[in-house]
file run-v2.csv (CSV, C-alpha atoms and all ligand atoms)
chain,number,residue,atom,x,y,z
A,2,MET,CA,15.7,-11.0,4.0
A,3,ILE,CA,13.5,-7.9,4.4
A,4,ASP,CA,9.9,-7.0,3.6
A,5,LEU,CA,8.9,-3.4,2.9
A,6,HIS,CA,5.2,-3.8,2.3
A,7,CYS,CA,2.5,-5.3,4.4
A,8,HIS,CA,-0.9,-4.5,5.9
A,9,SER,CA,-2.5,-4.6,9.4
A,10,CYS,CA,-6.1,-4.6,10.5
A,11,PHE,CA,-5.9,-0.8,10.5
A,12,SER,CA,-6.4,-1.0,6.7
A,13,ASP,CA,-7.3,-4.2,5.0
A,14,GLY,CA,-5.0,-6.8,6.6
A,15,THR,CA,-6.2,-9.1,9.4
A,16,ASP,CA,-3.2,-9.1,11.7
A,17,GLU,CA,-2.8,-6.7,14.6
A,18,PRO,CA,0.3,-4.5,14.3
A,19,GLU,CA,2.0,-6.2,17.2
A,20,ALA,CA,1.4,-9.6,15.6
A,21,LEU,CA,3.1,-8.5,12.5
A,22,ALA,CA,6.2,-7.4,14.4
A,23,ILE,CA,6.3,-10.7,16.2
A,24,LYS,CA,5.7,-12.7,13.1
A,25,GLY,CA,8.5,-10.8,11.3
A,26,ASP,CA,10.9,-11.6,14.2
A,27,GLU,CA,10.0,-15.3,14.3
A,28,LEU,CA,10.5,-15.6,10.5
A,29,GLY,CA,13.9,-14.0,10.8
A,30,ILE,CA,13.0,-11.0,8.7
A,31,SER,CA,15.7,-8.3,9.4
A,32,ALA,CA,13.5,-5.3,8.5
A,33,LEU,CA,9.7,-5.0,8.1
A,34,ALA,CA,7.7,-2.0,7.0
A,35,LEU,CA,4.0,-1.6,7.8
A,36,THR,CA,2.4,0.2,4.9
A,37,ASP,CA,-1.4,0.4,5.5
A,38,HIS,CA,-3.5,2.0,2.9
A,39,ASP,CA,-4.2,5.7,3.5
A,40,THR,CA,-3.6,5.5,7.3
A,41,LEU,CA,-0.9,6.0,9.8
A,42,GLU,CA,-3.0,4.7,12.7
A,43,GLY,CA,-1.3,1.3,13.1
A,44,LEU,CA,2.2,2.7,13.2
A,45,PRO,CA,2.4,3.7,16.9
A,46,ARG,CA,1.5,0.2,18.1
A,47,PHE,CA,3.8,-1.4,15.4
A,48,LEU,CA,6.8,0.8,16.3
A,49,ALA,CA,6.2,0.4,20.0
A,50,MET,CA,7.2,-3.3,19.5
A,51,GLN,CA,10.7,-2.3,18.6
A,52,PRO,CA,12.3,-3.1,22.0
A,53,GLN,CA,10.8,-6.6,21.9
A,54,VAL,CA,12.0,-7.7,18.5
A,55,THR,CA,15.3,-7.8,16.6
A,56,THR,CA,13.5,-7.1,13.3
A,57,ARG,CA,14.0,-3.5,12.4
A,58,LEU,CA,10.4,-2.0,12.3
A,59,VAL,CA,10.0,0.6,9.5
A,60,PRO,CA,7.2,3.2,9.3
A,61,GLY,CA,5.3,3.3,6.0
A,62,ILE,CA,2.1,4.0,4.2
A,63,GLU,CA,0.5,3.1,0.8
A,64,LEU,CA,-1.3,6.1,-0.8
A,65,SER,CA,-4.1,5.6,-3.3
A,66,CYS,CA,-3.3,7.8,-6.3
A,67,ARG,CA,-4.5,8.4,-9.9
A,68,PHE,CA,-2.1,8.2,-12.9
A,69,LEU,CA,-3.0,7.9,-16.6
A,70,GLY,CA,-6.7,7.7,-15.6
A,71,LYS,CA,-6.1,4.6,-13.4
A,72,GLU,CA,-5.5,3.6,-9.8
A,73,LEU,CA,-1.8,3.7,-8.8
A,74,HIS,CA,-0.5,3.0,-5.3
A,75,ILE,CA,2.4,5.1,-4.0
A,76,LEU,CA,4.4,3.8,-1.0
A,77,GLY,CA,5.9,6.2,1.5
A,78,LEU,CA,8.7,4.5,3.4
A,79,LEU,CA,10.6,6.0,6.4
A,80,VAL,CA,7.9,8.7,6.9
A,81,ASP,CA,7.5,10.4,10.2
A,82,PRO,CA,4.1,9.1,11.5
A,83,GLN,CA,3.8,12.1,13.8
A,84,ASN,CA,4.3,14.7,11.1
A,85,ARG,CA,1.3,17.0,11.6
A,86,GLU,CA,0.9,18.3,8.0
A,87,PHE,CA,1.1,14.7,6.7
A,88,ARG,CA,-1.5,13.5,9.2
A,89,ALA,CA,-3.9,16.3,8.2
A,90,ARG,CA,-3.4,15.4,4.5
A,91,ILE,CA,-4.1,11.8,5.2
A,92,ASP,CA,-7.3,12.8,7.1
A,93,GLU,CA,-8.6,14.5,4.0
A,94,VAL,CA,-8.0,11.3,2.0
A,95,ARG,CA,-10.0,9.4,4.6
A,96,THR,CA,-12.9,11.8,4.1
A,97,ARG,CA,-12.9,11.1,0.4
A,98,ARG,CA,-12.7,7.4,1.1
A,99,ASN,CA,-15.8,7.6,3.4
A,100,GLN,CA,-17.7,9.5,0.7
A,101,ARG,CA,-16.7,6.9,-1.9
A,102,ASN,CA,-17.9,4.1,0.4
A,103,VAL,CA,-21.4,5.7,0.7
A,104,LYS,CA,-21.6,6.0,-3.1
A,105,LEU,CA,-20.4,2.5,-3.5
A,106,ILE,CA,-23.2,1.2,-1.2
A,107,GLU,CA,-25.8,3.2,-3.2
A,108,ARG,CA,-24.4,1.9,-6.5
A,109,LEU,CA,-24.6,-1.7,-5.3
A,110,GLN,CA,-28.1,-1.2,-3.9
A,111,SER,CA,-29.2,0.3,-7.2
A,112,LEU,CA,-28.1,-3.0,-8.8
A,113,GLY,CA,-30.5,-4.8,-6.5
A,114,ILE,CA,-28.0,-6.0,-3.9
A,115,SER,CA,-29.1,-5.7,-0.3
A,116,ILE,CA,-25.9,-4.5,1.3
A,117,SER,CA,-25.4,-1.9,4.0
A,118,LEU,CA,-22.4,0.0,5.3
A,119,GLU,CA,-23.0,-1.4,8.8
A,120,ALA,CA,-22.6,-5.0,7.4
A,121,VAL,CA,-19.5,-4.1,5.5
A,122,ARG,CA,-18.0,-2.5,8.6
A,123,GLN,CA,-18.2,-5.9,10.4
A,124,TRP,CA,-15.2,-6.9,8.3
A,125,ALA,CA,-13.3,-3.8,9.2
A,126,PRO,CA,-12.5,-4.0,12.9
A,127,SER,CA,-10.3,-1.0,13.2
A,128,GLY,CA,-12.3,1.6,11.3
A,129,LEU,CA,-10.9,2.1,7.8
A,130,VAL,CA,-13.4,0.6,5.3
A,131,SER,CA,-11.8,-0.7,2.1
A,132,ARG,CA,-13.1,-2.5,-1.0
A,133,THR,CA,-11.5,-5.6,0.5
A,134,HIS,CA,-14.2,-5.4,3.2
A,135,PHE,CA,-16.9,-4.9,0.6
A,136,ALA,CA,-15.6,-7.9,-1.3
A,137,ARG,CA,-15.8,-10.1,1.8
A,138,GLN,CA,-19.4,-9.0,2.5
A,139,LEU,CA,-20.5,-9.5,-1.1
A,140,ALA,CA,-19.1,-13.1,-0.8
A,141,ALA,CA,-20.8,-13.6,2.5
A,142,LEU,CA,-24.1,-12.5,1.0
A,143,GLY,CA,-23.6,-15.0,-1.8
A,144,THR,CA,-23.8,-12.2,-4.4
A,145,VAL,CA,-20.4,-13.5,-5.7
A,146,GLY,CA,-18.7,-16.8,-5.1
A,147,ASN,CA,-15.5,-15.3,-3.7
A,148,PRO,CA,-13.9,-11.9,-3.0
A,149,PRO,CA,-11.8,-11.7,-6.3
A,150,GLU,CA,-15.0,-12.2,-8.2
A,151,ALA,CA,-16.5,-9.2,-6.4
A,152,PHE,CA,-13.6,-7.1,-7.9
A,153,ARG,CA,-14.0,-8.6,-11.4
A,154,LYS,CA,-17.8,-8.2,-11.6
A,155,LEU,CA,-18.7,-5.3,-9.3
A,156,ILE,CA,-16.2,-3.2,-7.4
A,157,GLY,CA,-13.0,-3.4,-9.4
A,158,GLU,CA,-12.0,-0.8,-12.1
A,159,ASN,CA,-13.9,-2.7,-14.7
A,160,GLY,CA,-16.8,-3.7,-12.5
A,161,SER,CA,-20.4,-2.4,-12.9
A,162,ALA,CA,-20.5,-0.7,-9.5
A,163,PHE,CA,-17.0,0.9,-9.6
A,164,VAL,CA,-16.7,4.3,-7.9
A,165,PRO,CA,-13.2,5.9,-8.1
A,166,PHE,CA,-12.0,8.0,-5.2
A,167,GLN,CA,-8.3,8.3,-5.9
A,168,GLU,CA,-7.8,11.9,-6.9
A,169,LEU,CA,-4.3,12.3,-5.5
A,170,SER,CA,-1.6,12.8,-8.1
A,171,PRO,CA,1.7,11.0,-7.8
A,172,THR,CA,3.3,14.5,-7.7
A,173,GLU,CA,1.3,15.5,-4.6
A,174,ALA,CA,1.9,12.1,-3.0
A,175,ALA,CA,5.7,12.4,-3.6
A,176,GLN,CA,5.7,15.9,-2.1
A,177,TRP,CA,3.7,14.8,1.0
A,178,ILE,CA,6.0,11.9,1.6
A,179,HIS,CA,9.1,13.9,1.2
A,180,GLU,CA,7.8,16.6,3.5
A,181,ALA,CA,7.2,13.8,6.0
A,182,GLY,CA,10.9,12.7,5.7
A,183,GLY,CA,10.3,9.6,3.6
A,184,VAL,CA,11.0,8.1,0.2
A,185,ALA,CA,8.2,7.7,-2.4
A,186,LEU,CA,7.9,4.5,-4.4
A,187,VAL,CA,5.5,3.1,-6.9
A,188,ALA,CA,3.9,0.0,-5.4
A,189,HIS,CA,3.6,-3.1,-7.7
A,190,PRO,CA,4.0,-1.3,-11.0
A,191,GLY,CA,3.6,-4.8,-12.7
A,192,ARG,CA,0.0,-4.8,-11.6
A,193,PHE,CA,-0.9,-1.3,-12.9
A,194,ALA,CA,-1.0,-2.3,-16.5
A,195,ALA,CA,-1.4,-5.9,-17.7
A,196,GLY,CA,0.6,-7.6,-20.4
A,197,ARG,CA,3.4,-5.9,-22.2
A,198,PHE,CA,3.0,-2.4,-21.0
A,199,ILE,CA,6.3,-0.7,-21.5
A,200,TRP,CA,7.1,1.3,-18.4
A,201,ASN,CA,10.1,3.3,-19.6
A,202,GLU,CA,8.2,6.5,-20.5
A,203,ALA,CA,5.6,6.3,-17.8
A,204,MET,CA,8.2,5.7,-15.1
A,205,SER,CA,10.4,8.6,-16.3
A,206,GLU,CA,7.3,10.8,-16.0
A,207,LEU,CA,6.8,9.6,-12.5
A,208,GLN,CA,10.5,10.2,-11.8
A,209,ARG,CA,10.0,13.8,-13.0
A,210,ALA,CA,7.0,14.0,-10.6
A,211,GLY,CA,9.4,13.2,-7.7
A,212,ILE,CA,9.0,9.5,-7.3
A,213,ASP,CA,12.2,7.9,-6.1
A,214,GLY,CA,11.8,4.3,-7.1
A,215,PHE,CA,9.4,1.4,-7.4
A,216,GLU,CA,8.8,-2.2,-6.3
A,217,ALA,CA,11.2,-4.4,-8.4
A,218,TYR,CA,10.6,-7.3,-5.9
A,219,TYR,CA,7.0,-8.3,-5.4
A,220,SER,CA,5.1,-11.5,-4.5
A,221,GLU,CA,3.3,-11.6,-7.8
A,222,TYR,CA,6.3,-11.2,-10.1
A,223,GLY,CA,7.9,-14.0,-11.9
A,224,PRO,CA,11.7,-14.0,-12.4
A,225,ALA,CA,11.5,-12.2,-15.8
A,226,GLU,CA,9.3,-9.4,-14.4
A,227,GLN,CA,11.7,-8.9,-11.4
A,228,ARG,CA,14.7,-8.7,-13.8
A,229,TYR,CA,12.8,-6.3,-16.0
A,230,PHE,CA,12.0,-3.9,-13.1
A,231,LEU,CA,15.6,-4.2,-11.6
A,232,GLU,CA,17.0,-3.3,-15.0
A,233,LEU,CA,14.5,-0.5,-15.5
A,234,ALA,CA,15.5,0.9,-12.1
A,235,ALA,CA,19.2,0.8,-12.9
A,236,SER,CA,18.6,2.4,-16.4
A,237,LEU,CA,16.6,5.3,-15.0
A,238,GLY,CA,18.6,5.8,-11.9
A,239,MET,CA,15.6,5.0,-9.7
A,240,LEU,CA,15.6,2.9,-6.5
A,241,PRO,CA,14.3,-0.7,-6.3
A,242,SER,CA,12.1,-1.5,-3.4
A,243,GLY,CA,10.1,-4.6,-2.6
A,244,GLY,CA,7.7,-6.4,-0.3
A,245,SER,CA,5.2,-9.2,0.1
A,246,ASP,CA,2.0,-7.1,0.3
A,247,TYR,CA,0.9,-9.5,3.0
A,248,HIS,CA,-2.7,-9.0,4.1
A,249,GLY,CA,-3.2,-11.9,6.5
A,250,ALA,CA,-6.4,-13.8,5.9
A,251,ASN,CA,-7.7,-11.2,3.4
A,252,LYS,CA,-5.1,-12.4,0.8
A,253,PRO,CA,-4.7,-16.1,1.4
A,254,GLY,CA,-1.5,-17.7,0.0
A,255,LEU,CA,0.8,-14.7,0.7
A,256,GLU,CA,3.4,-15.0,3.5
A,257,LEU,CA,5.2,-12.2,5.2
A,258,GLY,CA,8.7,-11.9,3.8
A,259,ARG,CA,8.5,-14.8,1.4
A,260,GLY,CA,5.4,-13.8,-0.6
A,261,ARG,CA,4.4,-16.9,-2.5
A,262,GLY,CA,7.5,-18.7,-1.4
A,263,SER,CA,10.3,-17.5,-3.6
A,264,LEU,CA,10.5,-13.8,-2.7
A,265,ILE,CA,14.0,-12.7,-1.5
A,266,ILE,CA,14.6,-9.0,-1.0
A,267,PRO,CA,18.2,-8.1,-0.1
A,268,GLU,CA,19.0,-5.8,2.8
A,269,SER,CA,20.9,-3.4,0.5
A,270,VAL,CA,17.5,-2.3,-0.8
A,271,LEU,CA,16.7,-0.6,2.5
A,272,GLU,CA,20.2,0.8,2.9
A,273,ASN,CA,19.8,2.6,-0.5
A,274,LEU,CA,16.3,3.9,0.3
A,275,GLU,CA,17.6,5.3,3.6
A,276,ALA,CA,20.5,7.1,1.8
A,277,ALA,CA,17.9,8.7,-0.5
A,278,ARG,CA,15.8,10.3,2.3
A,279,PRO,CA,15.3,14.0,2.0
A,280,ARG,CA,18.0,15.7,4.1
A,281,ASN,CA,16.3,19.1,4.7
A,282,HIS,CA,13.0,18.2,6.2
A,283,ASN,CA,12.1,19.6,9.6
A,284,GLY,CA,11.1,16.4,11.3
A,285,THR,CA,13.1,14.7,14.0
A,286,PHE,CA,13.0,11.3,12.3
A,287,HIS,CA,16.4,11.3,10.6
A,288,GLN,CA,18.0,8.7,12.8
A,289,ARG,CA,17.4,5.0,12.5
A,290,ILE,CA,14.8,4.0,15.0
A,291,SER,CA,16.6,0.8,16.1
B,1,LIG,P1,-9.8,0.6,-1.7
B,1,LIG,O1,-8.5,1.2,-1.2
B,1,LIG,O2,-10.8,0.7,-0.6
B,1,LIG,O3,-10.2,1.2,-3.0
B,1,LIG,O4,-9.5,-0.9,-1.9
B,1,LIG,C1,-8.4,-1.4,-2.6
B,1,LIG,C2,-7.9,-2.7,-2.1
B,1,LIG,O5,-8.7,-3.8,-2.7
B,1,LIG,C3,-6.5,-3.0,-2.5
B,1,LIG,O6,-5.7,-2.5,-1.5
B,1,LIG,C4,-6.4,-4.5,-2.6
B,1,LIG,O7,-6.0,-5.0,-1.4
B,1,LIG,C5,-7.8,-4.9,-2.9
B,1,LIG,N1,-8.0,-5.2,-4.3
B,1,LIG,C6,-7.9,-4.4,-5.4
B,1,LIG,N2,-8.2,-5.0,-6.6
B,1,LIG,C7,-8.3,-6.4,-6.2
B,1,LIG,C8,-8.6,-7.6,-6.9
B,1,LIG,N3,-8.7,-7.5,-8.2
B,1,LIG,N4,-8.7,-8.7,-6.2
B,1,LIG,C9,-8.6,-8.7,-4.9
B,1,LIG,N5,-8.3,-7.6,-4.1
B,1,LIG,C10,-8.2,-6.5,-4.8
B,2,MN,MN,-5.1,-3.9,0.2
B,3,MN,MN,-1.4,-1.8,-3.5
B,4,MN,MN,-0.5,-3.1,-0.4

call {"tool": "encode", "arguments": {"input": "run-v2.csv", "output": "structure tokens", "more": "lines below"}}
Ligand code: AMP
Ligand code: MN
Ligand code: MN
Ligand code: MN
result
Amino acid sequence: MIDLHCHSCFSDGTDEPEALAIKGDELGISALALTDHDTLEGLPRFLAMQPQVTTRLVPGIELSCRFLGKELHILGLLVDPQNREFRARIDEVRTRRNQRNVKLIERLQSLGISISLEAVRQWAPSGLVSRTHFARQLAALGTVGNPPEAFRKLIGENGSAFVPFQELSPTEAAQWIHEAGGVALVAHPGRFAAGRFIWNEAMSELQRAGIDGFEAYYSEYGPAEQRYFLELAASLGMLPSGGSDYHGANKPGLELGRGRGSLIIPESVLENLEAARPRNHNGTFHQRIS
């Protein structure tokens, strides 16, 4: 069993990177990727745990992008966390995120909610401030009953205070990830568009944009959805990936490796991703790190 998607306290998870490595080992997960949103900062501490665990620790990131006018997350797996160009690019994304956060505070205040960035930051111990932290503060203030309600009513794509910041295109994201030696994958495509959205055309467009594959295994998929995405991957010649999207206490009910209990991701998934890594990049990260 492997898990190629989880978050630490360096984005909007609650576990320290070391704790994730240890938990993965204790759960018998054979490979675990840390994929924090728009940051590489947790990776040095995560990868430094490799000598202490048998779980293979895989570097990753989840980039916030825009596609068809909506938010789409692109995972970069097996990226080189030391790649300078990549790090500089991620820093720019962070600046845009910080600007978005200021606007989001202003928008919420204009709706009569007394919220401050300092208060939101209390939920974000390691620096990066995400809407997950806004949701927790809005729930703590009693503005909403719980964090999911904050997304539905206020800060989600259909909420009254929504401020977009994802300007990165999937084409750019794929290029950045490839130049950092990784493979580029659409995260949870099943969440992008509800109901009976037919992915064939949109996914071929992403494939032409350089995307290598997508999550066919995911905590929130039922068996039919998993089958649909596995068949789509096979028919397009794209790679299936998968993960739990574990966020610790920020997403209760999700477990590392097992998702909501029935997630099983075969090891061959990672072997195939590894075989698809760009061969001509200048990094020094070609070798397995374990
Ligand atoms: P940000 O990257 O700051 O825009 O925040 C996005 C994060 O908010 C995602 O990574 C999710 O963890 C979380 N999120 C997005 N939509 C929802 C939702 N409807 N319910 C709960 N959490 C959500
Ligand atoms: Mn998140
Ligand atoms: Mn995501
Ligand atoms: Mn995620």

call {"tool": "residues_around", "arguments": {"input": "run-v2.csv", "residues": "range 231-248 of chain A", "least_positions_apart": "3", "cutoff": "7 Å", "atoms": "all atoms listed in the file", "output": "PyMOL selection string"}}
result
chain A and resi 4-9+13-15+213-220+227-228+251-252+255-260+266+270+274

call {"tool": "residues_around", "arguments": {"input": "run-v2.csv", "residues": "Arg88 in chain A", "least_positions_apart": "6", "cutoff": "12 Å", "atoms": "all atoms listed in the file", "output": "PyMOL selection string"}}
result
chain A and resi 39-42+62+80-82+94-95+177-178+180-181

call {"tool": "atom_distance", "arguments": {"input": "run-v2.csv", "atom1": "CA of Ala151 in chain A", "atom2": "CA of Asn99 in chain A"}}
result
19.5 Å

call {"tool": "residues_around", "arguments": {"input": "run-v2.csv", "residues": "Phe166 in chain A", "least_positions_apart": "2", "cutoff": "8 Å", "atoms": "all atoms listed in the file", "output": "list in words"}}
result
Arg97, Arg98, Arg101, Val164 and Glu168 of chain A

call {"tool": "closest_residue", "arguments": {"input": "run-v2.csv", "among": "A:Ser65, A:Thr56, A:Gln208, A:Gln100", "to": "Asp37 in chain A", "atoms": "all atoms listed in the file"}}
result
A:Ser65

call {"tool": "residues_near_ligand", "arguments": {"input": "run-v2.csv", "ligand": "ligand LIG 1 (chain B)", "cutoff": "7 Å", "atoms": "all atoms listed in the file", "output": "CSV table (one decimal) with C-alpha atoms, keeping the file's coordinate frame"}}
result
chain,number,residue,atom,x,y,z
A,13,ASP,CA,-7.3,-4.2,5.0
A,38,HIS,CA,-3.5,2.0,2.9
A,65,SER,CA,-4.1,5.6,-3.3
A,130,VAL,CA,-13.4,0.6,5.3
A,131,SER,CA,-11.8,-0.7,2.1
A,132,ARG,CA,-13.1,-2.5,-1.0
A,133,THR,CA,-11.5,-5.6,0.5
A,148,PRO,CA,-13.9,-11.9,-3.0
A,149,PRO,CA,-11.8,-11.7,-6.3
A,152,PHE,CA,-13.6,-7.1,-7.9
A,153,ARG,CA,-14.0,-8.6,-11.4
A,157,GLY,CA,-13.0,-3.4,-9.4

call {"tool": "atom_distance", "arguments": {"input": "run-v2.csv", "atom1": "CA of Leu129 in chain A", "atom2": "CA of Ser115 in chain A"}}
result
21.4 Å

call {"tool": "closest_atom_pairs", "arguments": {"input": "run-v2.csv", "of": "chain A", "to": "ligand MN 3 (chain B)", "cutoff": "7 Å", "atoms": "only C-alpha atoms and all ligand atoms", "output": "tab-separated table"}}
result
residue	atom	partner	partner_atom	distance
A:Glu63	CA	B:MN3	MN	6.8
A:His74	CA	B:MN3	MN	5.2
A:Ala188	CA	B:MN3	MN	5.9
A:His189	CA	B:MN3	MN	6.7

call {"tool": "atom_distance", "arguments": {"input": "run-v2.csv", "atom1": "CA of Thr96 in chain A", "atom2": "CA of Leu21 in chain A"}}
result
27.2 Å

call {"tool": "closest_residue", "arguments": {"input": "run-v2.csv", "among": "A:Pro267, A:Gly70, A:Gly61, A:Pro45", "to": "ligand MN 4 (chain B)", "atoms": "only C-alpha atoms and all ligand atoms"}}
result
A:Gly61

call {"tool": "decode", "arguments": {"input": "run-v2.csv", "residues": "range 169-195 of chain A", "atoms": "N, CA and C atoms", "output": "mmCIF file, in the first residue's frame"}}
result
data_model
loop_
_atom_site.group_PDB
_atom_site.id
_atom_site.type_symbol
_atom_site.label_atom_id
_atom_site.label_comp_id
_atom_site.auth_asym_id
_atom_site.auth_seq_id
_atom_site.Cartn_x
_atom_site.Cartn_y
_atom_site.Cartn_z
ATOM 1 N N LEU A 169 -1.964 30.346 -12.117
ATOM 2 C CA LEU A 169 -1.052 29.447 -12.802
ATOM 3 C C LEU A 169 -1.841 28.537 -13.754
ATOM 4 N N SER A 170 -1.354 28.385 -14.975
ATOM 5 C CA SER A 170 -2.037 27.482 -15.903
ATOM 6 C C SER A 170 -1.462 26.082 -15.738
ATOM 7 N N PRO A 171 -2.234 25.051 -16.079
ATOM 8 C CA PRO A 171 -1.699 23.692 -16.012
ATOM 9 C C PRO A 171 -0.459 23.525 -16.902
ATOM 10 N N THR A 172 -0.411 24.241 -18.013
ATOM 11 C CA THR A 172 0.766 24.172 -18.903
ATOM 12 C C THR A 172 2.028 24.620 -18.167
ATOM 13 N N GLU A 173 1.904 25.775 -17.485
ATOM 14 C CA GLU A 173 3.061 26.285 -16.724
ATOM 15 C C GLU A 173 3.424 25.338 -15.594
ATOM 16 N N ALA A 174 2.409 24.867 -14.883
ATOM 17 C CA ALA A 174 2.671 23.982 -13.744
ATOM 18 C C ALA A 174 3.409 22.732 -14.210
ATOM 19 N N ALA A 175 2.956 22.158 -15.339
ATOM 20 C CA ALA A 175 3.593 20.940 -15.852
ATOM 21 C C ALA A 175 5.046 21.234 -16.230
ATOM 22 N N GLN A 176 5.269 22.388 -16.845
ATOM 23 C CA GLN A 176 6.633 22.755 -17.250
ATOM 24 C C GLN A 176 7.536 22.928 -16.017
ATOM 25 N N TRP A 177 7.024 23.635 -15.017
ATOM 26 C CA TRP A 177 7.810 23.844 -13.787
ATOM 27 C C TRP A 177 8.191 22.498 -13.169
ATOM 28 N N ILE A 178 7.193 21.626 -13.077
ATOM 29 C CA ILE A 178 7.393 20.321 -12.420
ATOM 30 C C ILE A 178 8.393 19.472 -13.207
ATOM 31 N N HIS A 179 8.242 19.462 -14.534
ATOM 32 C CA HIS A 179 9.177 18.686 -15.361
ATOM 33 C C HIS A 179 10.593 19.229 -15.232
ATOM 34 N N GLU A 180 10.715 20.556 -15.210
ATOM 35 C CA GLU A 180 12.053 21.147 -15.090
ATOM 36 C C GLU A 180 12.669 20.860 -13.723
ATOM 37 N N ALA A 181 11.830 20.545 -12.753
ATOM 38 C CA ALA A 181 12.341 20.157 -11.432
ATOM 39 C C ALA A 181 12.466 18.636 -11.314
ATOM 40 N N GLY A 182 12.329 17.947 -12.451
ATOM 41 C CA GLY A 182 12.585 16.499 -12.465
ATOM 42 C C GLY A 182 11.416 15.622 -12.073
ATOM 43 N N GLY A 183 10.224 16.204 -11.963
ATOM 44 C CA GLY A 183 9.081 15.429 -11.472
ATOM 45 C C GLY A 183 8.056 15.090 -12.539
ATOM 46 N N VAL A 184 6.997 14.428 -12.093
ATOM 47 C CA VAL A 184 5.858 14.138 -12.970
ATOM 48 C C VAL A 184 4.662 14.967 -12.488
ATOM 49 N N ALA A 185 3.851 15.409 -13.470
ATOM 50 C CA ALA A 185 2.751 16.337 -13.183
ATOM 51 C C ALA A 185 1.408 15.618 -13.306
ATOM 52 N N LEU A 186 0.600 15.710 -12.257
ATOM 53 C CA LEU A 186 -0.636 14.925 -12.174
ATOM 54 C C LEU A 186 -1.785 15.788 -11.675
ATOM 55 N N VAL A 187 -2.949 15.639 -12.270
ATOM 56 C CA VAL A 187 -4.124 16.345 -11.769
ATOM 57 C C VAL A 187 -4.561 15.707 -10.453
ATOM 58 N N ALA A 188 -4.682 16.522 -9.408
ATOM 59 C CA ALA A 188 -5.168 16.019 -8.119
ATOM 60 C C ALA A 188 -6.690 15.902 -8.181
ATOM 61 N N HIS A 189 -7.207 14.857 -7.545
ATOM 62 C CA HIS A 189 -8.663 14.640 -7.395
ATOM 63 C C HIS A 189 -9.515 15.243 -8.518
ATOM 64 N N PRO A 190 -9.358 14.772 -9.773
ATOM 65 C CA PRO A 190 -10.196 15.331 -10.845
ATOM 66 C C PRO A 190 -11.694 15.146 -10.568
ATOM 67 N N GLY A 191 -12.025 14.149 -9.771
ATOM 68 C CA GLY A 191 -13.434 13.920 -9.437
ATOM 69 C C GLY A 191 -14.043 15.066 -8.649
ATOM 70 N N ARG A 192 -13.210 15.896 -8.009
ATOM 71 C CA ARG A 192 -13.732 16.994 -7.200
ATOM 72 C C ARG A 192 -13.875 18.281 -7.998
ATOM 73 N N PHE A 193 -13.189 18.328 -9.151
ATOM 74 C CA PHE A 193 -13.149 19.566 -9.945
ATOM 75 C C PHE A 193 -14.526 19.950 -10.443
ATOM 76 N N ALA A 194 -15.249 18.965 -10.944
ATOM 77 C CA ALA A 194 -16.569 19.243 -11.503
ATOM 78 C C ALA A 194 -17.522 18.180 -11.000
ATOM 79 N N ALA A 195 -18.582 18.639 -10.394
ATOM 80 C CA ALA A 195 -19.501 17.704 -9.746
ATOM 81 C C ALA A 195 -20.328 16.938 -10.772
#
